[in-house]
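Each remark here refers to the structure printed beneath this line.
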Amino acid sequence: MIIEHSRIVRVQGDIIAVPATGINYGELATVKSRSGVSMAQVIRLRGGEVYLQVFAGSRGVSTGDTVRFLGHPMQVAFGDALLGRIFNGSGEPIDKGPHLKSLPRMDIGGPSVNPVMRVIPRGFIETRVPMVDVFNPLVESQKLPIFAAAGEPYNELLARIGMRANADVVILGGIGLKYDEYLKFRIAFEEAGVLSRTIMFVHTASDPVVERLLVPDMALSVAEQFGVQGRRVLVLLTDMTAFADAMKEIAISMDQVPSNLGYPGSLYSDLASRYEKAVDFEGAGSITILAVTSMPGDDVTHPVPDNTGYITEGQFYLRKGVIEPFGSLSRLKQLVIGKVTRDDHGYIMNSMIRLFARSREVEQKLAMGFDKTADDERYLKYGRLFYDRFMDLRVDLGLNDALDLGWKTLAECFRPDEVEIKQEFIDKFWPA
Amino acid sequence: MNGPTRGSVVAVNGPLVTCEVDEGREVLQNEVAFVMCGDVPLKSEVIRIRGRQIDLQVFESTAGLKVGDTAEFSGELLSATLGPGMMGMIYDGLQNPLNELINDQGFFLRRGQYLPALNAEKLWDFEPIAKAGTQVRAGHYLGRVMEGIFPHPIMVPLRLLDTWEVVEIKPEGQYTVDDTIAVLRSVGSQAQQEIAVTLKQEWPVKMPMRRYEERLLPDTQLLTQCRLIDIFFPMAEGGTACIPGPFGAGKTVLQQIISRYAETDIVIIVACGERAGEVVETIREFPELEDPKTGKSLMDRTVIICNTSSMPVAAREASIYTGVTLGEYYRQLGLKVLVLADSTSRWAQALRESSARMEEIPGEEAFPAYLESRIAAVYERAGKVRLYNEETGSLTMIGTVSPAGGNFEEPVTQNTLKVVGAFHGLSRTRSDQRRYPAIDPLMSWSLYLSQMTESLNTRHEKWVELVQEAHDIIFKGSEIHQMMLVVGEEGIGLDDLVVYLKSEIIDAVCLQQDSFDNVDQATSRERQISDFMLLMDMLHHPFQFDSKEQAKGQMVHIQNLFFQLKYSPFREEAYNRYRSEIEAILEGKGASHS
Ligand SMILES: Nc1ncnc2c1ncn2[C@@H]1O[C@H](COP(=O)(O)OP(=O)(O)OP(=O)(O)O)[C@@H](O)[C@H]1O
Ligand SMILES: [Mg+2]
């Protein structure tokens, strides 16, 4: 049922209010103003007044403009015809492909998966990035963000890991993405030959802020449908901090009491309801989510990376162009390490990290001007080798080769009784 | 005015729905109401009453509600259903059995679907205990059914006040949870009232269940098989603890390992606003794992309350109460119950969200002013009690806290620390160094160490003293380490270096425990004692070294032996071999390492 109203009584931020009755909470509307037609969504009902967030922003909206209520929530088209297509932040195609009017449409942001319908993920995804494969392996259906300060090559890393994941469907959700970055993704997908199984929802930096809110839900709803159909879907979201910032703007316009730096108290739940779409369905496909969370001021305690860290299954810290061994974490690693991967994997991983921590300590100590002992020398050497052989993002190495190289590196620097590895593995793997 | 109270929706703001009821209709705070979205009833709870305006928090998505929709008030407080058949169940925060919701709804949860918490068809073998004519009070046992391995007493309904007389008790036989097994009549001057008792009963989740003789001081250890906890910061039966820590520090893994290995009768896991994937591991793995005590699957002693982060926020608030209520019920049955809640911060955030929507005056970090009292009220429901029948039961509660930015100076951590008996604080430094479990020995504490001295000293006559001594070495080691960072290794004496190296050994082989290694993940009481005493022998050993290099060489060697020891199955060949090697060194016979 479509209802039209033409008296906007209130405009605050990107929120407008109209007197109307019989309107559903959450339903979609269009607002026609002199600057064009924008979608809007009902976010509050109060007596006879309906509050809407206007996706294209409220600039140019006048009290005489018309609001049409569409009687249904935000929807997105779904079908195989989406593959290879590119859409903007409100779901309109922006490539030159055919229109998709005949496709079925479905509501976005649906209910959560019944936890008992999930299975324990066991699919190891080899990325050939040793800092990922050896130390923090990526697992199918994982949700994992890349934490990075502005200027770090996070989108490159996202694309690189994404390309390797060997998914049936790749969905890119660009949120406040710079146009150049969008082009780079497109080129990367083309070169990797995955464009025909890719779907892009691209909201660029110059698009209206509130529109950002739709991108993750559209991308994830489409992913969910493919997943239910048995496909293994990879969703790439960049940048989720831009998404959170849009939420902050809405919250402020609604006069909500902020909990921390202006972000609403619901930030955790809002982010979680998106990330929790990552799933391995019992008897069907899966959804893996890799996202970028840029860290304002390179501060991991900023509310967005902080809340994200509490939601996702680990994080990759990208700092000075490399994945930091400390702080980076794949929480699903124990599901595959030594079970799907080689049985020495867990021991070599722990030992190498522990020793690298010590080599960092030695570095700090020497930086303060203390004498260098013979032991220090070995730790420094180990630190250098670790960087060159494992951390450098240019290294492209399969997991087993990387594990072998790990043993070799340990043997070049330490005695077997210094590495804290179970004797049976020392006996089996320590290079002669 | 008759019939149930009804209201009409006047405002919708996320999960907060305001209705108006007719003048003079009775509405109860925390009463359950159903808001009708078309023909789908959405369960909700009254959270504020202002004249005719009633604020409801809806436990479901409110999408599609309209002004003018109806709300029906139930007249009942939000309650849990208690009785045989809860073991092994996986419930959502409102006690809907998630396993049964799958049949008609495929992969997704659909709103407005509510199923009974207990299977209505299952027949239980009931055996009467009480005789007709006896006088009873709430919590007295009338009979029992066998639930798996444990006898499940059937009690006089806990909500009943005063004394009642058993008018009729059903003979031994098979009954469903809804069948009447006894009839009680009130005793006393008032109008006599008769009620039928079934195997199941209801209890309002937000009310503490106090149907026992007295509360006892927790003085018996609750073994978790996590060395750092059991030795240094022990838990007591009926005690409380909080595990705060930044994201990824290991709160959930620690709770998972406790849920497996803790020596207790019943474990209730409340997954409160955390990841669904973590619950899945428990759901899928527990049925396969054996409970060494009973030989049955671990699932048979476990109840999971699962309201994960993408499930409705309001139901998350209820989930902790549901978990604690189930725990209190089992305690009434004379059992040792452990409730694990992950994470209480998500529960506090749910409070914050509804408080913000009600436009209450916010306190620190926008949490409501009543946060402190709510937290205290939840933890106070734990405890060890003496029941009316002289048996004891206990409810132990361990909650994780997820402080914003990993900073413990925030309201949820601080208010929790005020009320718990043990603090297992996880530190980012330790987790970054992969020193798991990352409980920081420098800041954690347990009041139970001294409270339980007597029973702990049955491990060894000087146990508590020795533990404190080891703890002191850890503090000293850390100070020396700090000093070394400033003055370098050359700046400290040989003796200090040895203390530091000893403390590192304690850390590496006693504090650190690999949750993913089959041997190391759980340490029995016996092994804890045996290995700790050996470690103490090492601490007491008067090592004589000529140089720092020699000291380091020898201590690395000893550390490695201890390390290999901890990964070897207790009292098997490799264990015995490493143990004698260590003993030989400590007796001065071992080959000194150069
Ligand atoms: N005892 C342990 N042994 C080995 N690894 C551990 C241990 N504890 C934690 N870890 C590692 O740390 C990761 C994170 O742990 P966990 O999920 O328990 O963190 P958390 O504190 O619950 O974080 P969050 O607050 O985000 O839920 C695990 O996936 C695991 O890889
Ligand atoms: Mg956790």
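Chain labels follow the order of the structure tokens: the first chain is A, the next B, and so on; residue numbering restarts at 1 in every chain, and ligands are counted from 1 in their shown order.
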Residues near A:Ser112, anyone? I mean within 8 Å using only C-alpha atoms, not counting same-chain ones fewer than 3 positions away, as a PyMOL selection string. (chain A and resi 273+276-277) or (chain B and resi 108-109+310-311)
Export of prior selection with all heavy atoms as a PDB file, in the first residue's frame:
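That gives us result09.pdb:
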```pdb
ATOM      1  N   SER A 273      25.554  -7.207  14.393  1.00  0.00           N
ATOM      2  CA  SER A 273      24.495  -7.803  13.583  1.00  0.00           C
ATOM      3  C   SER A 273      24.954  -7.945  12.135  1.00  0.00           C
ATOM      4  O   SER A 273      24.451  -8.787  11.408  1.00  0.00           O
ATOM      5  CB  SER A 273      23.201  -7.003  13.685  1.00  0.00           C
ATOM      6  OG  SER A 273      23.388  -5.735  13.124  1.00  0.00           O
ATOM      7  N   GLU A 276      28.052 -10.840  12.262  1.00  0.00           N
ATOM      8  CA  GLU A 276      27.572 -12.185  12.605  1.00  0.00           C
ATOM      9  C   GLU A 276      26.930 -12.895  11.415  1.00  0.00           C
ATOM     10  O   GLU A 276      26.541 -14.054  11.515  1.00  0.00           O
ATOM     11  CB  GLU A 276      26.581 -12.120  13.769  1.00  0.00           C
ATOM     12  CG  GLU A 276      27.247 -11.994  15.127  1.00  0.00           C
ATOM     13  CD  GLU A 276      27.888 -13.294  15.629  1.00  0.00           C
ATOM     14  OE1 GLU A 276      27.229 -14.333  15.633  1.00  0.00           O
ATOM     15  OE2 GLU A 276      29.067 -13.251  16.006  1.00  0.00           O
ATOM     16  N   LYS A 277      26.820 -12.198  10.298  1.00  0.00           N
ATOM     17  CA  LYS A 277      26.305 -12.879   9.094  1.00  0.00           C
ATOM     18  C   LYS A 277      27.322 -13.876   8.572  1.00  0.00           C
ATOM     19  O   LYS A 277      26.994 -14.712   7.737  1.00  0.00           O
ATOM     20  CB  LYS A 277      25.975 -11.858   8.003  1.00  0.00           C
ATOM     21  CG  LYS A 277      24.847 -10.922   8.364  1.00  0.00           C
ATOM     22  CD  LYS A 277      23.501 -11.557   8.107  1.00  0.00           C
ATOM     23  CE  LYS A 277      22.367 -10.618   8.501  1.00  0.00           C
ATOM     24  NZ  LYS A 277      21.096 -11.319   8.611  1.00  0.00           N
TER      25      LYS A 277
ATOM     26  N   PHE B 108      17.095 -19.837   9.754  1.00  0.00           N
ATOM     27  CA  PHE B 108      16.965 -18.558  10.454  1.00  0.00           C
ATOM     28  C   PHE B 108      15.957 -18.606  11.589  1.00  0.00           C
ATOM     29  O   PHE B 108      15.030 -19.409  11.581  1.00  0.00           O
ATOM     30  CB  PHE B 108      16.578 -17.464   9.450  1.00  0.00           C
ATOM     31  CG  PHE B 108      17.594 -17.327   8.362  1.00  0.00           C
ATOM     32  CD1 PHE B 108      17.417 -17.949   7.144  1.00  0.00           C
ATOM     33  CD2 PHE B 108      18.759 -16.614   8.578  1.00  0.00           C
ATOM     34  CE1 PHE B 108      18.375 -17.852   6.149  1.00  0.00           C
ATOM     35  CE2 PHE B 108      19.729 -16.510   7.594  1.00  0.00           C
ATOM     36  CZ  PHE B 108      19.526 -17.134   6.372  1.00  0.00           C
ATOM     37  N   LEU B 109      16.170 -17.719  12.538  1.00  0.00           N
ATOM     38  CA  LEU B 109      15.224 -17.589  13.633  1.00  0.00           C
ATOM     39  C   LEU B 109      14.100 -16.684  13.157  1.00  0.00           C
ATOM     40  O   LEU B 109      14.358 -15.614  12.622  1.00  0.00           O
ATOM     41  CB  LEU B 109      15.916 -16.953  14.835  1.00  0.00           C
ATOM     42  CG  LEU B 109      16.992 -17.807  15.499  1.00  0.00           C
ATOM     43  CD1 LEU B 109      17.802 -16.968  16.468  1.00  0.00           C
ATOM     44  CD2 LEU B 109      16.365 -18.995  16.195  1.00  0.00           C
ATOM     45  N   SER B 310      23.952 -11.058  17.550  1.00  0.00           N
ATOM     46  CA  SER B 310      23.026 -10.561  16.535  1.00  0.00           C
ATOM     47  C   SER B 310      21.587 -10.899  16.894  1.00  0.00           C
ATOM     48  O   SER B 310      20.667 -10.563  16.160  1.00  0.00           O
ATOM     49  CB  SER B 310      23.384 -11.123  15.159  1.00  0.00           C
ATOM     50  OG  SER B 310      23.267 -12.517  15.172  1.00  0.00           O
ATOM     51  N   MET B 311      21.397 -11.564  18.012  1.00  0.00           N
ATOM     52  CA  MET B 311      20.027 -11.839  18.442  1.00  0.00           C
ATOM     53  C   MET B 311      19.518 -10.604  19.199  1.00  0.00           C
ATOM     54  O   MET B 311      20.298  -9.759  19.610  1.00  0.00           O
ATOM     55  CB  MET B 311      19.995 -13.111  19.295  1.00  0.00           C
ATOM     56  CG  MET B 311      20.253 -14.347  18.423  1.00  0.00           C
ATOM     57  SD  MET B 311      20.738 -15.820  19.311  1.00  0.00           S
ATOM     58  CE  MET B 311      19.196 -16.387  19.971  1.00  0.00           C
TER      59      MET B 311
END
```
Pick out the residues sitting within 7 Å of stretch 261-272 of chain B, and hand them over as number ranges by chain; count only C-alpha atoms, and ignore anything fewer than 5 positions along from it in its own chain. B: 222-225, 279, 301-308, 316, 319-320, 323, 327, 335-343, 346-347, 522
Resulting file, chosen residues, C-alpha atoms, as a PDB file, in the first residue's frame:
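selection17.pdb, written as the output of this step:
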```
ATOM      1  CA  LEU B 222      35.957 -25.561  43.201  1.00  0.00           C
ATOM      2  CA  LEU B 223      38.555 -27.266  41.069  1.00  0.00           C
ATOM      3  CA  THR B 224      38.798 -25.839  37.547  1.00  0.00           C
ATOM      4  CA  GLN B 225      41.899 -27.785  36.491  1.00  0.00           C
ATOM      5  CA  VAL B 279      28.636 -21.434  21.223  1.00  0.00           C
ATOM      6  CA  ARG B 301      25.672 -31.862  32.674  1.00  0.00           C
ATOM      7  CA  THR B 302      25.403 -28.689  30.634  1.00  0.00           C
ATOM      8  CA  VAL B 303      22.678 -26.189  29.829  1.00  0.00           C
ATOM      9  CA  ILE B 304      23.403 -23.502  27.268  1.00  0.00           C
ATOM     10  CA  ILE B 305      21.606 -20.170  27.247  1.00  0.00           C
ATOM     11  CA  CYS B 306      22.470 -18.589  24.011  1.00  0.00           C
ATOM     12  CA  ASN B 307      21.623 -15.041  23.107  1.00  0.00           C
ATOM     13  CA  THR B 308      24.417 -14.145  20.778  1.00  0.00           C
ATOM     14  CA  ARG B 316      20.160 -10.475  25.985  1.00  0.00           C
ATOM     15  CA  SER B 319      19.531 -14.187  29.343  1.00  0.00           C
ATOM     16  CA  ILE B 320      21.746 -13.735  32.375  1.00  0.00           C
ATOM     17  CA  GLY B 323      20.835 -18.589  33.470  1.00  0.00           C
ATOM     18  CA  GLY B 327      21.338 -22.310  38.470  1.00  0.00           C
ATOM     19  CA  LEU B 335      23.769 -29.787  43.409  1.00  0.00           C
ATOM     20  CA  LYS B 336      26.980 -27.940  42.736  1.00  0.00           C
ATOM     21  CA  VAL B 337      26.249 -25.528  39.950  1.00  0.00           C
ATOM     22  CA  LEU B 338      28.590 -23.355  37.967  1.00  0.00           C
ATOM     23  CA  VAL B 339      27.198 -20.467  35.922  1.00  0.00           C
ATOM     24  CA  LEU B 340      29.514 -18.980  33.332  1.00  0.00           C
ATOM     25  CA  ALA B 341      28.424 -15.730  31.732  1.00  0.00           C
ATOM     26  CA  ASP B 342      30.200 -14.354  28.675  1.00  0.00           C
ATOM     27  CA  SER B 343      30.027 -11.391  28.630  1.00  0.00           C
ATOM     28  CA  ARG B 346      27.040  -7.043  26.751  1.00  0.00           C
ATOM     29  CA  TRP B 347      24.318  -7.422  29.313  1.00  0.00           C
ATOM     30  CA  ALA B 522      43.595 -29.815  32.296  1.00  0.00           C
TER      31      ALA B 522
END
```
Give the helix (DSSP H, G or I) residues of stretch 249-407 of chain B, as assigned by DSSP on the backbone, as a PyMOL selection string. chain B and resi 251-261+276-288+298-301+313-332+344-357+364-366+371-379+404-406
Using DSSP assignments from the backbone, pull out every residue in stretch 224-333 of chain A that falls under strand (DSSP E or B) and give it to me as an NGL selection string. :A and (232-238 or 258-260 or 263-264 or 279-281 or 286-294 or 314-319 or 322-323 or 329-330)
Can you pull out every residue within 9 Å of A:Gly283, counting only C-alpha atoms, but drop anything in the same chain fewer than 4 positions away, and send it as a ChimeraX atom specification? /A:117,119,228,230
So which one's closest to ligand 1, B:Tyr436, B:Phe232, B:Phe545, B:Phe563? Using only C-alpha atoms and all ligand atoms, please.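 Of the candidates, the smallest distance to ligand 1 is held by B:Tyr436.
Using only C-alpha atoms, the smallest distance between any of A:Cys413, A:Leu366, A:Met218, A:Ala205 and A:Ala77 comes from A:Met218.
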Taking only C-alpha atoms and all ligand atoms into account, which residues are within 9 Å of ligand 1, as a VMD selection string? (chain A and resid 136 307 to 314 329 to 334) or (chain B and resid 243 to 257 274 to 275 278 342 to 343 400 to 403 426 431 434 to 438 512 to 517 521)
Filtering to N, CA and C atoms, could you give me those residues as a compact mmCIF listing (two decimals), in the first residue's frame?
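Output file out_2.txt follows:
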```txt
# COMPACT_ATOMS: atom_id res chain seq x y z
N ASN A 136 48.51 -16.74 11.67
CA ASN A 136 47.10 -16.45 11.90
C ASN A 136 46.25 -16.91 10.74
N ASN A 307 35.30 -1.89 19.45
CA ASN A 307 34.10 -2.71 19.39
C ASN A 307 34.22 -3.81 18.34
N THR A 308 34.89 -3.48 17.24
CA THR A 308 35.07 -4.48 16.20
C THR A 308 35.87 -5.67 16.72
N GLY A 309 36.95 -5.36 17.44
CA GLY A 309 37.78 -6.43 17.98
C GLY A 309 37.01 -7.37 18.88
N TYR A 310 36.01 -6.82 19.58
CA TYR A 310 35.20 -7.64 20.46
C TYR A 310 34.18 -8.49 19.69
N ILE A 311 34.02 -8.19 18.41
CA ILE A 311 33.00 -8.89 17.63
C ILE A 311 33.60 -9.93 16.69
N THR A 312 34.71 -9.53 16.07
CA THR A 312 35.25 -10.37 15.00
C THR A 312 36.07 -11.52 15.58
N GLU A 313 36.45 -12.42 14.70
CA GLU A 313 37.23 -13.57 15.14
C GLU A 313 38.70 -13.33 14.89
N GLY A 314 39.20 -12.27 15.51
CA GLY A 314 40.59 -11.90 15.35
C GLY A 314 40.73 -10.66 14.51
N LEU A 329 45.69 -11.62 15.18
CA LEU A 329 45.19 -12.84 15.78
C LEU A 329 44.11 -13.45 14.88
N SER A 330 44.22 -14.75 14.67
CA SER A 330 43.10 -15.44 14.04
C SER A 330 42.55 -16.37 15.10
N ARG A 331 41.32 -16.10 15.53
CA ARG A 331 40.79 -16.90 16.63
C ARG A 331 40.33 -18.26 16.19
N LEU A 332 40.20 -18.45 14.89
CA LEU A 332 39.74 -19.78 14.47
C LEU A 332 40.93 -20.66 14.15
N LYS A 333 42.13 -20.12 14.39
CA LYS A 333 43.28 -20.87 13.94
C LYS A 333 43.35 -22.27 14.54
N GLN A 334 42.95 -22.38 15.80
CA GLN A 334 43.08 -23.70 16.42
C GLN A 334 42.17 -24.75 15.80
N ILE B 243 36.26 -12.15 35.13
CA ILE B 243 37.39 -12.26 34.22
C ILE B 243 37.31 -11.11 33.24
N PRO B 244 37.89 -9.96 33.59
CA PRO B 244 37.90 -8.89 32.60
C PRO B 244 39.14 -9.02 31.72
N GLY B 245 39.04 -8.49 30.53
CA GLY B 245 40.21 -8.51 29.65
C GLY B 245 39.87 -7.89 28.32
N PRO B 246 40.89 -7.30 27.68
CA PRO B 246 40.65 -6.71 26.37
C PRO B 246 40.27 -7.77 25.35
N PHE B 247 39.81 -7.35 24.19
CA PHE B 247 39.38 -8.34 23.21
C PHE B 247 40.55 -9.24 22.81
N GLY B 248 40.25 -10.51 22.65
CA GLY B 248 41.26 -11.45 22.20
C GLY B 248 42.24 -11.89 23.27
N ALA B 249 42.01 -11.49 24.52
CA ALA B 249 42.96 -11.86 25.57
C ALA B 249 42.74 -13.28 26.07
N GLY B 250 41.58 -13.85 25.78
CA GLY B 250 41.38 -15.25 26.15
C GLY B 250 40.29 -15.50 27.17
N LYS B 251 39.32 -14.60 27.29
CA LYS B 251 38.24 -14.79 28.25
C LYS B 251 37.39 -16.00 27.89
N THR B 252 37.02 -16.05 26.63
CA THR B 252 36.11 -17.11 26.21
C THR B 252 36.78 -18.47 26.26
N VAL B 253 38.02 -18.53 25.79
CA VAL B 253 38.74 -19.81 25.82
C VAL B 253 38.86 -20.28 27.26
N LEU B 254 39.14 -19.36 28.15
CA LEU B 254 39.28 -19.73 29.56
C LEU B 254 37.95 -20.28 30.09
N GLN B 255 36.87 -19.61 29.77
CA GLN B 255 35.58 -20.11 30.24
C GLN B 255 35.22 -21.45 29.61
N GLN B 256 35.58 -21.60 28.34
CA GLN B 256 35.29 -22.87 27.68
C GLN B 256 36.02 -24.02 28.37
N ILE B 257 37.27 -23.74 28.72
CA ILE B 257 38.06 -24.80 29.33
C ILE B 257 37.54 -25.09 30.74
N GLU B 274 27.66 -12.51 22.73
CA GLU B 274 28.95 -12.76 22.10
C GLU B 274 28.73 -13.53 20.80
N ARG B 275 29.81 -14.09 20.26
CA ARG B 275 29.75 -14.71 18.94
C ARG B 275 29.00 -16.04 18.93
N GLU B 278 31.22 -19.27 18.79
CA GLU B 278 31.82 -19.83 20.01
C GLU B 278 30.89 -20.82 20.68
N ASP B 342 29.27 -15.00 29.60
CA ASP B 342 30.20 -14.35 28.68
C ASP B 342 29.37 -13.55 27.69
N SER B 343 29.31 -12.27 27.76
CA SER B 343 30.03 -11.39 28.63
C SER B 343 29.04 -10.48 29.36
N THR B 400 32.59 -12.92 32.54
CA THR B 400 33.65 -12.15 31.87
C THR B 400 33.17 -10.71 31.73
N VAL B 401 34.14 -9.82 31.63
CA VAL B 401 33.83 -8.41 31.40
C VAL B 401 34.67 -7.96 30.22
N SER B 402 34.07 -7.20 29.33
CA SER B 402 34.78 -6.74 28.13
C SER B 402 34.91 -5.23 28.18
N PRO B 403 35.90 -4.72 28.88
CA PRO B 403 35.99 -3.28 29.08
C PRO B 403 36.36 -2.55 27.79
N LEU B 426 42.83 -10.42 32.81
CA LEU B 426 43.68 -10.79 31.68
C LEU B 426 44.39 -9.56 31.15
N SER B 431 48.82 -11.68 26.74
CA SER B 431 48.23 -12.39 25.59
C SER B 431 49.03 -12.11 24.33
N ARG B 434 51.60 -14.43 24.03
CA ARG B 434 51.07 -15.79 23.98
C ARG B 434 51.28 -16.52 25.30
N ARG B 435 51.28 -15.77 26.40
CA ARG B 435 51.39 -16.43 27.70
C ARG B 435 49.98 -16.70 28.17
N TYR B 436 49.43 -17.81 27.70
CA TYR B 436 48.04 -18.17 28.03
C TYR B 436 48.00 -19.15 29.18
N PRO B 437 46.94 -19.14 29.95
CA PRO B 437 45.89 -18.13 30.00
C PRO B 437 46.48 -16.81 30.49
N ALA B 438 46.05 -15.72 29.88
CA ALA B 438 46.72 -14.43 30.11
C ALA B 438 46.32 -13.76 31.42
N GLN B 512 51.56 -20.75 32.66
CA GLN B 512 51.11 -20.93 31.29
C GLN B 512 50.58 -22.34 31.10
N GLN B 513 49.46 -22.41 30.42
CA GLN B 513 48.82 -23.70 30.22
C GLN B 513 48.16 -23.68 28.86
N ASP B 514 48.52 -24.62 28.04
CA ASP B 514 48.07 -24.62 26.65
C ASP B 514 46.69 -25.27 26.55
N SER B 515 45.70 -24.46 26.26
CA SER B 515 44.33 -24.99 26.21
C SER B 515 44.11 -25.92 25.05
N PHE B 516 45.03 -25.93 24.12
CA PHE B 516 44.78 -26.74 22.93
C PHE B 516 45.67 -27.98 22.88
N ASP B 517 46.34 -28.25 24.00
CA ASP B 517 47.14 -29.47 24.06
C ASP B 517 46.40 -30.48 24.92
N GLN B 521 45.96 -29.17 28.82
CA GLN B 521 44.76 -28.34 28.97
C GLN B 521 44.07 -28.50 30.33
```
Nearest to ligand 2: which of B:Lys502, B:Ala117, B:Pro287, B:Gly399 is it, counting only C-alpha atoms and all ligand atoms?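 Checking each of B:Lys502, B:Ala117, B:Pro287, B:Gly399 against ligand 2, counting only C-alpha atoms and all ligand atoms, the winner is B:Gly399.
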Which residues, written as number ranges by chain, have at least one atom at most 6 Å from A:Gly48, with only C-alpha atoms counted and residues fewer than 3 positions away on the same chain left out? A: 19-21
In Å to one decimal, how far is atom CA of A:Arg186 from atom CA of A:Val202? 10.9 Å
When you get a sec, could you note down which chain B residues fall within 6 Å of chain A, using only C-alpha atoms, as a list of chain:residue names?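 My answer is B:Val10, B:Ala11, B:Val12, B:Asn13, B:Ala63, B:Gly64, B:Leu65, B:Lys66, B:Phe107, B:Phe108, B:Leu109, B:Phe247, B:Ala276, B:Ser309, B:Ser310, B:Glu365, B:Ala366, B:Gly405, B:Asp432, B:Gly488.
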When you look at B:Leu511 with a cut-off of 8 Å (counting only C-alpha atoms), what residues show up, excluding the ones that are within fewer than 3 positions of it in the same chain? I need them as JSON, numbers by chain. {"B": [227, 228, 436, 437, 506, 507, 508]}
I want to know what sits within 12 Å of A:Ser206, based on only C-alpha atoms, with residues of the same chain fewer than 5 positions away left out; could you give that as a PyMOL selection string? chain A and resi 56+88-89+175-180+211-212
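The gap separating atom CA of B:Phe475 from atom CA of B:Arg428 is 18.0 Å, in Å to one decimal.
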With a distance cut-off of 12 Å and only C-alpha atoms, select the neighbouring residues of A:Ala165, excluding the residue or stretch itself and same-chain residues fewer than 4 positions from it, and output the selection as JSON, numbers by chain. {"A": [123, 124, 125, 126, 127, 128, 129, 133, 137, 138, 139, 140, 141, 142, 158, 159, 160, 161, 169, 170, 192, 194, 232, 233, 234, 235, 236, 287, 288, 289, 290]}
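The shortest atom-to-atom distance to A:Met39, with only C-alpha atoms taken into account, belongs to A:Glu92 out of A:Glu363, A:Glu156, A:Glu92, A:Glu249.
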